[in-house]
file start38.csv (CSV, C-alpha atoms and all ligand atoms)
chain,number,residue,atom,x,y,z
A,1,MET,CA,0.0,0.0,0.0
A,2,LEU,CA,1.4,3.4,-1.0
A,3,PHE,CA,0.2,6.8,0.3
A,4,ASP,CA,1.0,10.3,-0.6
A,5,ILE,CA,-1.3,12.5,1.4
A,6,PHE,CA,-1.6,16.3,1.2
A,7,THR,CA,-4.1,18.2,3.3
A,8,THR,CA,-4.4,21.7,4.8
A,9,PRO,CA,-2.2,21.7,7.9
A,10,ARG,CA,-4.5,23.7,10.1
A,11,ILE,CA,-8.3,23.5,10.1
A,12,ARG,CA,-10.3,25.6,12.6
A,13,PHE,CA,-13.8,24.2,12.3
A,14,GLY,CA,-17.1,25.1,14.1
A,15,PRO,CA,-19.7,27.8,14.7
A,16,GLY,CA,-17.9,31.0,15.5
A,17,SER,CA,-14.5,29.9,14.3
A,18,THR,CA,-14.2,33.0,12.2
A,19,TYR,CA,-13.5,34.9,15.5
A,20,GLN,CA,-10.0,33.3,15.3
A,21,LEU,CA,-9.4,34.5,11.8
A,22,GLY,CA,-7.4,37.6,12.9
A,23,GLU,CA,-4.9,35.7,14.9
A,24,GLU,CA,-4.5,33.0,12.3
A,25,VAL,CA,-3.8,35.6,9.5
A,26,ALA,CA,-1.6,37.8,11.7
A,27,ALA,CA,0.7,34.8,12.2
A,28,LEU,CA,1.3,34.7,8.4
A,29,GLY,CA,1.5,38.3,7.3
A,30,GLN,CA,0.5,41.9,8.2
A,31,LYS,CA,-1.0,43.3,5.0
A,32,VAL,CA,-4.0,41.3,3.8
A,33,LEU,CA,-5.4,40.9,0.4
A,34,LEU,CA,-9.1,40.0,1.1
A,35,VAL,CA,-10.7,38.3,-1.9
A,36,THR,CA,-14.5,38.0,-2.1
A,37,GLY,CA,-17.4,37.8,-4.6
A,38,ARG,CA,-19.3,40.9,-5.7
A,39,GLN,CA,-22.4,40.9,-3.5
A,40,SER,CA,-23.2,37.7,-1.6
A,41,LEU,CA,-21.1,38.3,1.4
A,42,LYS,CA,-22.4,41.8,2.0
A,43,GLN,CA,-26.0,40.8,1.4
A,44,SER,CA,-25.6,37.9,3.8
A,45,GLY,CA,-24.9,40.2,6.7
A,46,GLN,CA,-21.8,38.1,7.5
A,47,MET,CA,-19.2,40.6,6.5
A,48,ASP,CA,-18.5,41.7,10.1
A,49,ARG,CA,-17.5,38.2,11.0
A,50,ILE,CA,-14.5,38.6,8.7
A,51,THR,CA,-13.6,42.3,8.9
A,52,GLN,CA,-13.8,42.6,12.7
A,53,PRO,CA,-11.4,39.9,13.6
A,54,LEU,CA,-8.9,41.2,11.0
A,55,ALA,CA,-9.2,44.8,12.4
A,56,ILE,CA,-9.0,43.7,16.0
A,57,SER,CA,-5.7,41.9,15.2
A,58,GLY,CA,-4.4,45.2,13.7
A,59,LEU,CA,-4.2,44.0,10.1
A,60,GLU,CA,-4.2,46.3,7.1
A,61,THR,CA,-6.7,45.0,4.5
A,62,VAL,CA,-6.9,45.6,0.8
A,63,TRP,CA,-10.1,44.3,-0.8
A,64,PHE,CA,-10.8,42.6,-4.2
A,65,GLU,CA,-14.5,42.0,-4.5
A,66,GLU,CA,-14.9,41.4,-8.2
A,67,VAL,CA,-14.8,37.6,-8.4
A,68,THR,CA,-17.7,36.2,-10.5
A,69,PRO,CA,-18.9,32.6,-10.8
A,70,GLU,CA,-16.9,30.3,-13.2
A,71,PRO,CA,-13.9,32.7,-13.1
A,72,ASP,CA,-11.2,33.0,-15.7
A,73,THR,CA,-7.5,33.5,-15.6
A,74,ALA,CA,-7.7,37.2,-16.3
A,75,THR,CA,-9.4,37.6,-12.9
A,76,VAL,CA,-6.5,35.8,-11.2
A,77,ASP,CA,-4.1,38.1,-13.0
A,78,ALA,CA,-6.0,41.2,-11.7
A,79,VAL,CA,-6.0,39.9,-8.1
A,80,ARG,CA,-2.3,39.1,-8.3
A,81,GLN,CA,-1.5,42.5,-9.7
A,82,LEU,CA,-3.3,44.2,-6.8
A,83,ALA,CA,-1.4,42.1,-4.3
A,84,ARG,CA,1.9,43.2,-5.9
A,85,ASP,CA,0.9,46.9,-6.2
A,86,GLU,CA,-0.2,47.0,-2.6
A,87,GLY,CA,2.6,44.9,-1.2
A,88,CYS,CA,0.3,42.4,0.4
A,89,THR,CA,2.0,39.6,2.4
A,90,VAL,CA,-1.0,37.2,2.9
A,91,VAL,CA,-4.2,36.4,0.9
A,92,VAL,CA,-7.5,35.6,2.5
A,93,GLY,CA,-10.3,34.2,0.3
A,94,VAL,CA,-13.9,34.3,1.7
A,95,GLY,CA,-16.6,32.7,-0.5
A,96,GLY,CA,-17.7,29.7,-2.5
A,97,GLY,CA,-15.5,27.6,-4.7
A,98,SER,CA,-14.9,30.2,-7.4
A,99,VAL,CA,-13.7,32.8,-4.9
A,100,LEU,CA,-11.5,30.4,-3.1
A,101,ASP,CA,-10.0,29.1,-6.4
A,102,VAL,CA,-9.2,32.6,-7.6
A,103,ALA,CA,-7.6,33.6,-4.3
A,104,LYS,CA,-5.6,30.4,-4.1
A,105,ALA,CA,-4.3,30.8,-7.6
A,106,ALA,CA,-3.5,34.5,-7.1
A,107,ALA,CA,-1.6,33.6,-3.9
A,108,GLY,CA,0.2,30.7,-5.5
A,109,LEU,CA,1.2,32.7,-8.6
A,110,ALA,CA,2.1,35.9,-6.7
A,111,HIS,CA,5.7,35.8,-7.6
A,112,ALA,CA,5.4,34.0,-10.9
A,113,GLU,CA,6.6,35.8,-14.1
A,114,GLY,CA,4.1,34.5,-16.7
A,115,GLU,CA,0.4,35.1,-17.0
A,116,THR,CA,-2.0,32.8,-15.2
A,117,ARG,CA,-3.2,31.2,-18.5
A,118,GLU,CA,0.4,30.1,-19.3
A,119,TYR,CA,0.4,28.0,-16.2
A,120,LEU,CA,-3.1,26.7,-16.9
A,121,ASN,CA,-1.7,25.5,-20.2
A,122,GLY,CA,1.3,23.6,-18.8
A,123,ARG,CA,4.0,26.1,-18.1
A,124,GLU,CA,6.1,24.9,-15.1
A,125,LEU,CA,5.8,27.0,-11.9
A,126,THR,CA,9.1,27.4,-10.2
A,127,THR,CA,8.4,30.2,-7.7
A,128,GLY,CA,6.7,30.0,-4.3
A,129,GLY,CA,3.7,32.3,-3.5
A,130,LEU,CA,2.0,34.1,-0.7
A,131,PRO,CA,0.4,32.2,2.2
A,132,PHE,CA,-3.3,31.7,1.7
A,133,VAL,CA,-6.1,31.4,4.2
A,134,ALA,CA,-9.5,30.0,3.1
A,135,VAL,CA,-12.9,30.7,4.6
A,136,PRO,CA,-15.7,28.8,2.7
A,137,THR,CA,-19.2,30.2,2.6
A,138,THR,CA,-20.8,27.3,0.7
A,139,ALA,CA,-20.8,23.6,1.5
A,140,GLY,CA,-19.7,22.3,-1.9
A,141,SER,CA,-16.3,22.7,-3.5
A,142,GLY,CA,-14.0,21.7,-0.6
A,143,SER,CA,-11.5,24.1,-2.0
A,144,GLU,CA,-10.4,25.0,1.5
A,145,VAL,CA,-8.6,21.7,1.7
A,146,THR,CA,-7.5,21.1,-1.8
A,147,GLN,CA,-4.4,22.2,-3.8
A,148,ASN,CA,-6.2,22.6,-7.1
A,149,VAL,CA,-8.2,25.3,-8.8
A,150,VAL,CA,-10.6,25.3,-11.7
A,151,LEU,CA,-10.3,28.2,-14.1
A,152,VAL,CA,-11.5,29.2,-17.6
A,153,ASP,CA,-9.0,30.2,-20.2
A,154,PRO,CA,-10.5,33.3,-21.8
A,155,VAL,CA,-8.7,32.7,-25.1
A,156,THR,CA,-9.8,29.1,-25.7
A,157,GLY,CA,-13.0,29.2,-23.5
A,158,LYS,CA,-11.8,25.9,-22.0
A,159,LYS,CA,-12.2,25.1,-18.3
A,160,THR,CA,-9.2,23.4,-16.8
A,161,SER,CA,-8.1,22.2,-13.4
A,162,LEU,CA,-4.6,23.4,-12.3
A,163,ARG,CA,-3.0,22.0,-9.2
A,164,HIS,CA,0.3,22.5,-7.3
A,165,ASP,CA,1.7,20.9,-4.1
A,166,ARG,CA,2.4,24.3,-2.6
A,167,TRP,CA,-1.1,25.6,-3.1
A,168,LEU,CA,-2.8,24.1,-0.2
A,169,PRO,CA,-4.3,26.8,2.1
A,170,ARG,CA,-2.1,27.3,5.2
A,171,VAL,CA,-5.2,27.6,7.3
A,172,ALA,CA,-8.9,26.8,6.7
A,173,VAL,CA,-11.4,28.6,8.9
A,174,VAL,CA,-14.5,26.6,8.4
A,175,ASP,CA,-17.5,28.2,10.2
A,176,PRO,CA,-21.0,26.8,9.5
A,177,ILE,CA,-22.6,30.2,10.4
A,178,MET,CA,-21.0,31.5,7.2
A,179,THR,CA,-23.2,29.1,5.2
A,180,MET,CA,-26.5,29.8,7.0
A,181,SER,CA,-27.7,32.4,4.5
A,182,MET,CA,-27.0,30.4,1.3
A,183,PRO,CA,-30.1,30.6,-0.9
A,184,ARG,CA,-32.0,27.3,-1.4
A,185,ALA,CA,-30.9,26.7,-5.0
A,186,LEU,CA,-27.3,27.3,-4.1
A,187,THR,CA,-27.6,24.9,-1.1
A,188,ALA,CA,-29.0,22.2,-3.5
A,189,GLN,CA,-26.4,22.7,-6.2
A,190,THR,CA,-23.3,23.0,-4.0
A,191,GLY,CA,-24.6,20.0,-1.9
A,192,MET,CA,-24.8,17.9,-5.1
A,193,ASP,CA,-21.2,18.9,-6.0
A,194,ALA,CA,-20.0,17.8,-2.5
A,195,LEU,CA,-21.9,14.5,-2.9
A,196,THR,CA,-20.4,13.9,-6.3
A,197,HIS,CA,-16.9,14.6,-4.8
A,198,ALA,CA,-17.5,12.0,-2.1
A,199,VAL,CA,-19.0,9.3,-4.3
A,200,GLU,CA,-16.4,9.8,-7.1
A,201,ALA,CA,-13.5,9.9,-4.6
A,202,TYR,CA,-14.8,6.7,-2.8
A,203,THR,CA,-14.8,4.7,-6.1
A,204,SER,CA,-11.8,6.3,-7.7
A,205,ARG,CA,-8.9,4.2,-9.0
A,206,TRP,CA,-6.6,6.2,-6.7
A,207,ALA,CA,-8.7,5.7,-3.5
A,208,ASN,CA,-6.9,4.4,-0.4
A,209,ALA,CA,-7.9,3.7,3.2
A,210,TYR,CA,-7.5,7.3,4.2
A,211,THR,CA,-9.6,8.7,1.3
A,212,ARG,CA,-12.3,6.0,1.6
A,213,SER,CA,-12.9,6.7,5.3
A,214,LEU,CA,-13.3,10.4,4.6
A,215,ALA,CA,-15.5,9.9,1.5
A,216,ARG,CA,-17.7,7.3,3.1
A,217,GLU,CA,-18.5,9.6,6.1
A,218,ALA,CA,-19.0,12.5,3.7
A,219,VAL,CA,-21.6,10.5,1.8
A,220,ARG,CA,-23.4,9.6,5.0
A,221,LEU,CA,-23.5,13.2,6.3
A,222,ILE,CA,-24.8,14.5,3.0
A,223,ILE,CA,-27.5,11.9,2.5
A,224,GLN,CA,-28.7,12.4,6.0
A,225,ASN,CA,-28.6,16.3,5.9
A,226,ILE,CA,-29.0,17.7,2.4
A,227,TYR,CA,-32.8,17.6,2.3
A,228,THR,CA,-33.1,19.3,5.7
A,229,ALA,CA,-30.5,22.0,4.8
A,230,TYR,CA,-32.5,22.6,1.6
A,231,THR,CA,-36.0,22.7,3.1
A,232,VAL,CA,-35.2,24.2,6.5
A,233,PRO,CA,-32.3,26.6,5.7
A,234,GLY,CA,-32.0,27.9,9.3
A,235,ARG,CA,-31.3,24.4,10.8
A,236,ARG,CA,-27.9,24.9,12.1
A,237,GLU,CA,-27.0,21.2,12.7
A,238,ALA,CA,-27.8,20.3,9.0
A,239,ARG,CA,-25.7,23.3,7.8
A,240,GLU,CA,-22.8,22.2,10.0
A,241,ASN,CA,-23.0,18.6,8.8
A,242,MET,CA,-23.1,19.7,5.2
A,243,LEU,CA,-20.0,21.9,5.6
A,244,LEU,CA,-18.2,19.1,7.4
A,245,ALA,CA,-19.1,16.7,4.7
A,246,SER,CA,-17.9,19.0,1.9
A,247,MET,CA,-14.6,19.5,3.7
A,248,LEU,CA,-14.1,15.7,4.2
A,249,ALA,CA,-15.0,15.1,0.6
A,250,GLY,CA,-12.5,17.8,-0.4
A,251,MET,CA,-9.8,16.1,1.6
A,252,ALA,CA,-10.6,12.8,-0.1
A,253,LEU,CA,-10.7,14.2,-3.6
A,254,ASN,CA,-7.4,16.0,-3.1
A,255,VAL,CA,-5.7,12.7,-2.9
A,256,ALA,CA,-8.0,10.3,-4.8
A,257,ARG,CA,-9.3,12.8,-7.5
A,258,THR,CA,-12.8,12.5,-8.9
A,259,GLY,CA,-14.3,10.7,-11.9
A,260,ALA,CA,-16.3,10.8,-15.1
A,261,VAL,CA,-18.9,13.2,-13.7
A,262,HIS,CA,-16.2,15.9,-13.3
A,263,ALA,CA,-14.5,15.1,-16.6
A,264,LEU,CA,-17.8,15.8,-18.4
A,265,ALA,CA,-19.1,18.6,-16.1
A,266,HIS,CA,-16.3,21.0,-16.9
A,267,PRO,CA,-16.9,21.2,-20.7
A,268,ILE,CA,-20.7,21.1,-20.3
A,269,GLY,CA,-20.8,23.8,-17.6
A,270,THR,CA,-18.6,26.1,-19.7
A,271,ARG,CA,-20.5,25.4,-23.0
A,272,TYR,CA,-24.0,26.1,-21.7
A,273,ARG,CA,-23.1,28.4,-18.8
A,274,LEU,CA,-24.5,26.1,-16.2
A,275,GLY,CA,-23.5,26.0,-12.5
A,276,HIS,CA,-21.0,23.3,-11.7
A,277,GLY,CA,-23.1,21.7,-9.0
A,278,LEU,CA,-26.2,21.6,-11.2
A,279,VAL,CA,-24.3,19.7,-13.9
A,280,CYS,CA,-22.8,17.3,-11.4
A,281,GLY,CA,-26.2,16.6,-9.9
A,282,ILE,CA,-27.7,15.7,-13.3
A,283,LEU,CA,-24.7,13.5,-14.4
A,284,LEU,CA,-24.1,11.7,-11.1
A,285,PRO,CA,-26.9,9.0,-11.4
A,286,TYR,CA,-26.0,8.3,-15.0
A,287,VAL,CA,-22.3,7.8,-14.2
A,288,ALA,CA,-23.1,5.8,-11.1
A,289,GLU,CA,-25.3,3.5,-13.3
A,290,PHE,CA,-22.5,3.2,-15.8
A,291,ASN,CA,-20.0,2.3,-13.0
A,292,GLN,CA,-22.3,0.0,-11.2
A,293,GLY,CA,-20.9,-3.2,-12.8
A,294,VAL,CA,-17.5,-2.6,-11.3
A,295,ALA,CA,-18.4,-0.5,-8.3
A,296,ALA,CA,-21.4,-2.4,-6.9
A,297,GLY,CA,-19.5,-3.4,-3.7
A,298,ALA,CA,-18.5,0.2,-3.1
A,299,TYR,CA,-22.0,1.6,-3.7
A,300,ALA,CA,-23.4,-1.1,-1.4
A,301,GLU,CA,-20.9,-0.1,1.4
A,302,LEU,CA,-22.0,3.6,1.0
A,303,ALA,CA,-25.7,2.6,1.0
A,304,ARG,CA,-25.3,0.6,4.3
A,305,HIS,CA,-23.1,3.3,6.0
A,306,ALA,CA,-25.6,6.1,5.1
A,307,GLY,CA,-28.5,4.0,6.4
A,308,LEU,CA,-30.2,3.7,3.0
A,309,VAL,CA,-30.5,-0.1,3.4
A,310,ALA,CA,-30.3,-2.5,6.4
A,311,ALA,CA,-26.9,-3.8,7.4
A,312,GLY,CA,-27.4,-7.3,5.9
A,313,THR,CA,-28.7,-6.3,2.5
A,314,PRO,CA,-26.8,-8.1,-0.3
A,315,ASP,CA,-24.4,-6.0,-2.4
A,316,GLU,CA,-26.4,-6.1,-5.6
A,317,GLU,CA,-29.6,-4.9,-4.0
A,318,ALA,CA,-27.9,-2.3,-1.8
A,319,ALA,CA,-26.0,-0.9,-4.8
A,320,GLY,CA,-29.2,-0.7,-6.8
A,321,ARG,CA,-30.9,1.2,-4.0
A,322,PHE,CA,-27.9,3.6,-3.9
A,323,VAL,CA,-28.0,4.4,-7.6
A,324,HIS,CA,-31.8,4.7,-7.4
A,325,TYR,CA,-31.5,7.2,-4.5
A,326,LEU,CA,-29.0,9.3,-6.5
A,327,GLY,CA,-31.4,9.3,-9.5
A,328,ARG,CA,-34.2,10.7,-7.3
A,329,LEU,CA,-32.2,13.2,-5.3
A,330,ALA,CA,-31.9,16.0,-7.9
A,331,ALA,CA,-35.7,16.0,-8.4
A,332,ARG,CA,-36.3,16.2,-4.7
A,333,LEU,CA,-34.1,19.2,-4.6
A,334,GLU,CA,-36.1,20.8,-7.5
A,335,LEU,CA,-33.0,20.7,-9.8
A,336,PRO,CA,-33.2,19.7,-13.5
A,337,THR,CA,-32.6,16.0,-14.1
A,338,LYS,CA,-31.7,16.1,-17.8
A,339,LEU,CA,-29.2,18.1,-19.8
A,340,GLY,CA,-31.4,18.5,-22.9
A,341,PRO,CA,-33.8,21.0,-21.3
A,342,CYS,CA,-30.6,22.9,-20.1
A,343,GLY,CA,-29.5,23.5,-23.7
A,344,MET,CA,-27.5,20.4,-24.7
A,345,ASN,CA,-28.3,18.9,-28.1
A,346,ALA,CA,-27.2,15.7,-29.8
A,347,GLN,CA,-24.9,17.5,-32.3
A,348,ASP,CA,-22.7,18.9,-29.5
A,349,ILE,CA,-22.1,15.5,-27.9
A,350,PRO,CA,-18.9,14.4,-29.9
A,351,GLU,CA,-17.2,17.7,-29.0
A,352,LEU,CA,-18.1,17.5,-25.3
A,353,VAL,CA,-16.9,13.9,-25.2
A,354,GLU,CA,-13.6,14.9,-26.9
A,355,ALA,CA,-13.0,17.6,-24.3
A,356,ALA,CA,-13.6,15.1,-21.5
A,357,MET,CA,-11.3,12.4,-22.9
A,358,GLY,CA,-8.0,13.9,-21.8
A,359,SER,CA,-9.2,14.8,-18.3
A,360,SER,CA,-7.3,13.4,-15.3
A,361,SER,CA,-10.7,12.9,-13.6
A,362,LEU,CA,-11.7,10.5,-16.3
A,363,ALA,CA,-8.5,8.5,-15.7
A,364,ALA,CA,-9.5,8.2,-12.0
A,365,ASN,CA,-13.0,6.9,-12.8
A,366,ALA,CA,-13.9,3.5,-11.4
A,367,ARG,CA,-14.7,2.0,-14.8
A,368,ARG,CA,-12.7,2.8,-17.9
A,369,ALA,CA,-14.9,4.8,-20.3
A,370,THR,CA,-14.4,5.0,-24.1
A,371,ARG,CA,-15.7,7.8,-26.4
A,372,GLN,CA,-18.6,5.6,-27.3
A,373,ASP,CA,-19.4,5.0,-23.6
A,374,LEU,CA,-19.5,8.7,-22.8
A,375,ALA,CA,-21.5,9.6,-25.9
A,376,ALA,CA,-24.1,6.9,-25.0
A,377,LEU,CA,-24.2,8.2,-21.5
A,378,LEU,CA,-24.8,11.8,-22.6
A,379,GLU,CA,-27.4,10.8,-25.1
A,380,ARG,CA,-29.4,9.3,-22.2
A,381,THR,CA,-29.4,12.7,-20.5
A,382,LEU,CA,-31.0,14.6,-23.5
B,1,FE,FE,-16.9,19.6,-8.2

call {"tool": "encode", "arguments": {"input": "start38.csv", "output": "structure tokens"}}
result
Amino acid sequence: MLFDIFTTPRIRFGPGSTYQLGEEVAALGQKVLLVTGRQSLKQSGQMDRITQPLAISGLETVWFEEVTPEPDTATVDAVRQLARDEGCTVVVGVGGGSVLDVAKAAAGLAHAEGETREYLNGRELTTGGLPFVAVPTTAGSGSEVTQNVVLVDPVTGKKTSLRHDRWLPRVAVVDPIMTMSMPRALTAQTGMDALTHAVEAYTSRWANAYTRSLAREAVRLIIQNIYTAYTVPGRREARENMLLASMLAGMALNVARTGAVHALAHPIGTRYRLGHGLVCGILLPYVAEFNQGVAAGAYAELARHAGLVAAGTPDEEAAGRFVHYLGRLAARLELPTKLGPCGMNAQDIPELVEAAMGSSSLAANARRATRQDLAALLERTL
């Protein structure tokens, strides 16, 4: 058995943990570049939970608040330039996956010569960056515990994942209160992303004992809490369990990677401008069905651990129930269940399949998938 485990070295988890943000950041630098989205944090009324601890610790803060969903490399370049112009010594990202990814890449590339898109397209990174602190406000991406970012190249329009050993956040401050004001649709979509991370990491070709234990528990927490978080947004326990689950799933995927859902979700999301979690939620049951022949034992373990079936249920039956559950979940969360009504048509399928074929996520998928397999899978989602 061989392990190579990377994870965020310090994780401060729990309601009110943002009160410790100031002391954590002050230990890393004195001039802070704070990266957030345009509106959501201010509208949520949670801004004080970030700015007050930073001010109390005597930190000078420069603000970049222009990150939009599905961000591109030009945004990272702009953040990086601001950090250089202002002489910032530490980067803090507060937001969902898009914000955390932009902040992480800007910190990681702070001293790099080339433009961000050069590194996205394979240029080797030889310089270190600035320390990065992540504060998630959604329970989905797990970016607070991963070393990768997903960015769009504005020249090619292609969405690609970029990862680096040195890019793990130095500290993750993971406070469920920051997720309490997430709108219902965002709760559903980000929750489906986290569930996809957990299921794909659990069945990945690169899974090991460490990643499986994290992913299995993440699946249980999501299955037992996602519907409550969606229907009763103010239920703190459900929010806390969802945030814990997305973090555990992130820790698992950082080592085990994901699978065919993620390989397909990137080109589809970019092409039709659909949210990442929404696309994952649609594809997950189809990919699970495709994998079922080789992953029945794993799906059965997940079904038993999550309490979907009784302990003694045979593998075949338990795996079937698990895949069936995944198929019904998107509809229960009032999300679309097909890609056709979201804009995908049959003529686009070969191009989408081609874009997915080179993905490292596809290489990690439980069952090897050919072009024909992926095309047939997408046709079923029309
Ligand atoms: Fe994802």

call {"tool": "residues_around", "arguments": {"input": "start38.csv", "residues": "Phe322 of chain A", "least_positions_apart": "6", "cutoff": "10 Å", "atoms": "all atoms listed in the file", "output": "PyMOL selection string"}}
result
chain A and resi 285+288-289+292+296+299-304+306+308-309+316

call {"tool": "write_last_selection", "arguments": {"input": "start38.csv", "atoms": "C-alpha atoms", "output": "PDB file, keeping the file's coordinate frame"}}
result
ATOM      1  CA  PRO A 285     -26.900   9.000 -11.400  1.00  0.00           C
ATOM      2  CA  ALA A 288     -23.100   5.800 -11.100  1.00  0.00           C
ATOM      3  CA  GLU A 289     -25.300   3.500 -13.300  1.00  0.00           C
ATOM      4  CA  GLN A 292     -22.300   0.000 -11.200  1.00  0.00           C
ATOM      5  CA  ALA A 296     -21.400  -2.400  -6.900  1.00  0.00           C
ATOM      6  CA  TYR A 299     -22.000   1.600  -3.700  1.00  0.00           C
ATOM      7  CA  ALA A 300     -23.400  -1.100  -1.400  1.00  0.00           C
ATOM      8  CA  GLU A 301     -20.900  -0.100   1.400  1.00  0.00           C
ATOM      9  CA  LEU A 302     -22.000   3.600   1.000  1.00  0.00           C
ATOM     10  CA  ALA A 303     -25.700   2.600   1.000  1.00  0.00           C
ATOM     11  CA  ARG A 304     -25.300   0.600   4.300  1.00  0.00           C
ATOM     12  CA  ALA A 306     -25.600   6.100   5.100  1.00  0.00           C
ATOM     13  CA  LEU A 308     -30.200   3.700   3.000  1.00  0.00           C
ATOM     14  CA  VAL A 309     -30.500  -0.100   3.400  1.00  0.00           C
ATOM     15  CA  GLU A 316     -26.400  -6.100  -5.600  1.00  0.00           C
TER      16      GLU A 316
END

call {"tool": "residues_near_ligand", "arguments": {"input": "start38.csv", "ligand": "ligand FE 1 (chain B)", "cutoff": "7 Å", "atoms": "only C-alpha atoms and all ligand atoms", "output": "ChimeraX atom specification"}}
result
/A:141,193-194,196-197,262,276-277

call {"tool": "closest_atom_pairs", "arguments": {"input": "start38.csv", "of": "segment 71-140 of chain A", "to": "segment 33-38 of chain A", "cutoff": "9 Å", "atoms": "only C-alpha atoms", "output": "tab-separated table"}}
result
residue	atom	partner	partner_atom	distance
A:Val79	CA	A:Val35	CA	7.9
A:Leu82	CA	A:Leu33	CA	8.2
A:Ala83	CA	A:Leu33	CA	6.3
A:Glu86	CA	A:Leu33	CA	8.6
A:Cys88	CA	A:Leu33	CA	5.9
A:Thr89	CA	A:Leu33	CA	7.8
A:Val90	CA	A:Leu33	CA	6.3
A:Val91	CA	A:Leu33	CA	4.7
A:Val92	CA	A:Leu34	CA	4.9
A:Gly93	CA	A:Val35	CA	4.7
A:Val94	CA	A:Thr36	CA	5.3
A:Gly95	CA	A:Thr36	CA	5.9
A:Gly96	CA	A:Gly37	CA	8.4
A:Ser98	CA	A:Gly37	CA	8.5
A:Val99	CA	A:Thr36	CA	6.0
A:Leu100	CA	A:Val35	CA	8.0
A:Val102	CA	A:Val35	CA	8.2
A:Ala103	CA	A:Val35	CA	6.1

call {"tool": "residues_around", "arguments": {"input": "start38.csv", "residues": "Met182 of chain A", "least_positions_apart": "2", "cutoff": "8 Å", "atoms": "only C-alpha atoms", "output": "list in words"}}
result
Thr137, Thr138, Thr179, Met180, Arg184, Leu186, Thr187 and Pro233 of chain A

call {"tool": "write_last_selection", "arguments": {"input": "start38.csv", "atoms": "C-alpha atoms", "output": "mmCIF file, keeping the file's coordinate frame"}}
result
data_model
loop_
_atom_site.group_PDB
_atom_site.id
_atom_site.type_symbol
_atom_site.label_atom_id
_atom_site.label_comp_id
_atom_site.auth_asym_id
_atom_site.auth_seq_id
_atom_site.Cartn_x
_atom_site.Cartn_y
_atom_site.Cartn_z
ATOM 1 C CA THR A 137 -19.200 30.200 2.600
ATOM 2 C CA THR A 138 -20.800 27.300 0.700
ATOM 3 C CA THR A 179 -23.200 29.100 5.200
ATOM 4 C CA MET A 180 -26.500 29.800 7.000
ATOM 5 C CA ARG A 184 -32.000 27.300 -1.400
ATOM 6 C CA LEU A 186 -27.300 27.300 -4.100
ATOM 7 C CA THR A 187 -27.600 24.900 -1.100
ATOM 8 C CA PRO A 233 -32.300 26.600 5.700
#

call {"tool": "closest_residue", "arguments": {"input": "start38.csv", "among": "A:Gly108, A:Gly275, A:Pro136, A:Pro9", "to": "Thr68 of chain A", "atoms": "all atoms listed in the file"}}
result
A:Gly275

call {"tool": "closest_residue", "arguments": {"input": "start38.csv", "among": "A:Lys159, A:Arg205, A:Tyr19, A:Leu109", "to": "Arg123 of chain A", "atoms": "only C-alpha atoms"}}
result
A:Leu109

call {"tool": "residues_around", "arguments": {"input": "start38.csv", "residues": "segment 258-260 of chain A", "least_positions_apart": "6", "cutoff": "9 Å", "atoms": "only C-alpha atoms", "output": "list of chain:residue names"}}
result
A:Thr196, A:His197, A:Ala198, A:Val199, A:Glu200, A:Ala201, A:Tyr202, A:Thr203, A:Ser204, A:Arg205, A:Leu283, A:Leu284, A:Val287, A:Ala356, A:Ser359, A:Ser360, A:Ser361, A:Leu362, A:Ala363, A:Ala364, A:Asn365, A:Ala366, A:Arg367, A:Ala369, A:Leu374

call {"tool": "write_last_selection", "arguments": {"input": "start38.csv", "atoms": "C-alpha atoms", "output": "PDB file, in the coordinates of the input"}}
result
ATOM      1  CA  THR A 196     -20.400  13.900  -6.300  1.00  0.00           C
ATOM      2  CA  HIS A 197     -16.900  14.600  -4.800  1.00  0.00           C
ATOM      3  CA  ALA A 198     -17.500  12.000  -2.100  1.00  0.00           C
ATOM      4  CA  VAL A 199     -19.000   9.300  -4.300  1.00  0.00           C
ATOM      5  CA  GLU A 200     -16.400   9.800  -7.100  1.00  0.00           C
ATOM      6  CA  ALA A 201     -13.500   9.900  -4.600  1.00  0.00           C
ATOM      7  CA  TYR A 202     -14.800   6.700  -2.800  1.00  0.00           C
ATOM      8  CA  THR A 203     -14.800   4.700  -6.100  1.00  0.00           C
ATOM      9  CA  SER A 204     -11.800   6.300  -7.700  1.00  0.00           C
ATOM     10  CA  ARG A 205      -8.900   4.200  -9.000  1.00  0.00           C
ATOM     11  CA  LEU A 283     -24.700  13.500 -14.400  1.00  0.00           C
ATOM     12  CA  LEU A 284     -24.100  11.700 -11.100  1.00  0.00           C
ATOM     13  CA  VAL A 287     -22.300   7.800 -14.200  1.00  0.00           C
ATOM     14  CA  ALA A 356     -13.600  15.100 -21.500  1.00  0.00           C
ATOM     15  CA  SER A 359      -9.200  14.800 -18.300  1.00  0.00           C
ATOM     16  CA  SER A 360      -7.300  13.400 -15.300  1.00  0.00           C
ATOM     17  CA  SER A 361     -10.700  12.900 -13.600  1.00  0.00           C
ATOM     18  CA  LEU A 362     -11.700  10.500 -16.300  1.00  0.00           C
ATOM     19  CA  ALA A 363      -8.500   8.500 -15.700  1.00  0.00           C
ATOM     20  CA  ALA A 364      -9.500   8.200 -12.000  1.00  0.00           C
ATOM     21  CA  ASN A 365     -13.000   6.900 -12.800  1.00  0.00           C
ATOM     22  CA  ALA A 366     -13.900   3.500 -11.400  1.00  0.00           C
ATOM     23  CA  ARG A 367     -14.700   2.000 -14.800  1.00  0.00           C
ATOM     24  CA  ALA A 369     -14.900   4.800 -20.300  1.00  0.00           C
ATOM     25  CA  LEU A 374     -19.500   8.700 -22.800  1.00  0.00           C
TER      26      LEU A 374
END
